[in-house]
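Working notes for the structure below.
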Amino acid sequence: MNGPTHHALFLHGPYDARLAPYTLRDGRPGETLLDVAAVGLCGSDLHYFKDGGIGAATIAQPFVPGHEFCGRLTCDDPELGLSRGTLVAVDPNKACGHCEYCERGHPNLCPNVEFIGAPPFDGAMTEQIWVPKSQVVPLPPHFTPLDGVMLEPLGVAIHAVDLAKPRLLERVALIGLGPIGLLILQVLKVAGAGEILAVDPQEHRRDLALRLGTTAVGASVEDIRGWTRNEGCPLVIEATNAPEGFRDAVRAAKIGGRAVLVGIPDGDVYTMPAAEARRRGLKIKFARRMGEVYPRAIALVEKRLVDVASLVSHQVGLDGAAAAFGRHAQNTPGVVKTLIYPSGQ
Ligand SMILES: [Zn+2]
Ligand SMILES: [Zn+2]
């Protein structure tokens, strides 16, 4: 038996996003049905749009993106202790819980993961979605759908800063000021980092970084080299979508420094001269999604230690989603984060 017909935004392949009728599948044991309140357009969704995939994860058949989302319960759920209409966030990363990596406390590295909104698992750019109850994250009562959506990218930023372990008042170079970079900037300040030297080629993102408290902001990594008299910073965090992101992180790093790479490069390739990294003797970490971060993400938003609303540049309905992908792919000035409201705002 098939469920009701909705609409969903489907990615068919590179530069091919279409709104089309979508038949809601039946729920499975342990799932609850949500009305999607809002869903964010993430840089990784954009890779599926621009490249048709990320590495081996390719779009084999049209799929519905959307892993940053929150929704309202469509009926009372005694098991969750939540009533119909309650706004909840969803952790999209359903790890298996019993592999070596899960058992070591790294559910973000689980090879058996079912990630809502990564092929072949359809995501939330539609009106209703079944989600595992284990992934439901209750929200404080005054949270808005915007707050709920931004917890997922904020979680990615928290995980990046957890990996980076900034020392108190340590100077940090931040490469890339998209939504993740702008959230990392704010989390670094909470974590006690010192001066933050940030760069991004786009002016509106630099302006936003200044408003959100970066120490200095420039257009390219050469600015960081200039400010530090070519010495570089002891800690670098990279959050770009550029194949040169890794190279820039290396160039911004001091000899013996640490670098954390968060971004996913366009085309799934890094380009850099090896000697630059090798000769500096850098310690490099790759960030993969996030660990157990939701309670801290909620606390940061609730205590207003992080401003998530300033990052949202566009809010559209489901009928505006395909155009939003186009705007993001073209780096249209003014675009930072787009939120899609499938049932209207
Ligand atoms: Zn994301
Ligand atoms: Zn696992």
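Chain labels A, B, ... are given in the sequence in which chains occur in the structure tokens; within each chain residues are numbered consecutively from 1, and ligands are likewise numbered from 1 in the order shown.
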
Checklist entry - Which residues form the shell of 9 Å around ligand 2 when you count only C-alpha atoms and all ligand atoms, given as a ChimeraX atom specification? => result /A:94-103,106-113

Under the rule of at most 6 Å, produce a per-residue listing of chain A near ligand 1: chain, number, name, the closest pair of atoms, and the distance in Å, as a tab-separated table, using only C-alpha atoms and all ligand atoms.
residue	atom	partner	partner_atom_place_in_ligand_line	distance
A:Cys42	CA	ligand 1	1 (Zn)	4.5
A:Ser44	CA	ligand 1	1 (Zn)	5.9
A:Glu68	CA	ligand 1	1 (Zn)	5.9
A:Pro153	CA	ligand 1	1 (Zn)	5.4

Output file for the residues above (C-alpha atoms, as a compact mmCIF listing (two decimals), in the first residue's frame):
# COMPACT_ATOMS: atom_id res chain seq x y z
CA CYS A 42 24.07 22.24 2.64
CA SER A 44 27.29 18.59 0.51
CA GLU A 68 19.68 19.39 7.89
CA PRO A 153 25.73 22.37 10.61

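For stretch 173-227 of chain A, backbone-based DSSP labels the following residues as strand (DSSP E or B): Ala173, Leu174, Ile175, Ile196, Leu197, Ala198, Val199, Ala216, Val217 and Gly218 of chain A.
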
Create the file for the chosen residues now, containing C-alpha atoms and written as a tab-separated table (two decimals), in the first residue's frame.
chain	number	residue	atom	x	y	z
A	173	ALA	CA	43.64	30.72	10.72
A	174	LEU	CA	40.21	29.99	9.26
A	175	ILE	CA	40.01	29.25	5.54
A	196	ILE	CA	41.04	34.50	14.38
A	197	LEU	CA	42.46	35.34	10.95
A	198	ALA	CA	39.82	34.42	8.39
A	199	VAL	CA	39.75	34.44	4.59
A	216	ALA	CA	40.86	40.05	10.75
A	217	VAL	CA	39.42	39.06	7.42
A	218	GLY	CA	40.97	38.88	3.97

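The residue that comes closest to A:Arg304, out of A:Asp147, A:Glu79, A:Asp248, A:Asp223 and on the basis of only C-alpha atoms, is A:Asp147.
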
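Candidate residues A:Ala157, A:Ala252, A:Ala193, A:Ile59 were compared for distance to A:Arg225, and the nearest is A:Ala252, using only C-alpha atoms.
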
Restrict the calculation to only C-alpha atoms, then for each residue of stretch 251-339 of chain A with any atom at most 12 Å from an atom of stretch 84-91 of chain A give the closest atom pair and their distance in Å to one decimal, rows by chain and rising residue number, as JSON lines.
{"residue": "A:Arg289", "atom": "CA", "partner": "A:Asp91", "partner_atom": "CA", "distance": 11.0}
{"residue": "A:Met290", "atom": "CA", "partner": "A:Asp91", "partner_atom": "CA", "distance": 10.0}
{"residue": "A:Gly291", "atom": "CA", "partner": "A:Asp91", "partner_atom": "CA", "distance": 10.3}
{"residue": "A:Glu292", "atom": "CA", "partner": "A:Asp91", "partner_atom": "CA", "distance": 9.6}
{"residue": "A:Val293", "atom": "CA", "partner": "A:Asp91", "partner_atom": "CA", "distance": 9.7}
{"residue": "A:Tyr294", "atom": "CA", "partner": "A:Asp91", "partner_atom": "CA", "distance": 8.0}
{"residue": "A:Pro295", "atom": "CA", "partner": "A:Asp91", "partner_atom": "CA", "distance": 11.3}
{"residue": "A:Ala297", "atom": "CA", "partner": "A:Ala89", "partner_atom": "CA", "distance": 11.4}
{"residue": "A:Ile298", "atom": "CA", "partner": "A:Ala89", "partner_atom": "CA", "distance": 10.1}

Next on the checklist: What parts of stretch 71-261 of chain A does DSSP call helix (DSSP H, G or I)? I'd like the answer as a VMD selection string.
Outcome noted: chain A and resid 100 to 103 107 to 109 133 to 135 145 to 164 179 to 190 203 to 211 221 to 227 245 to 251
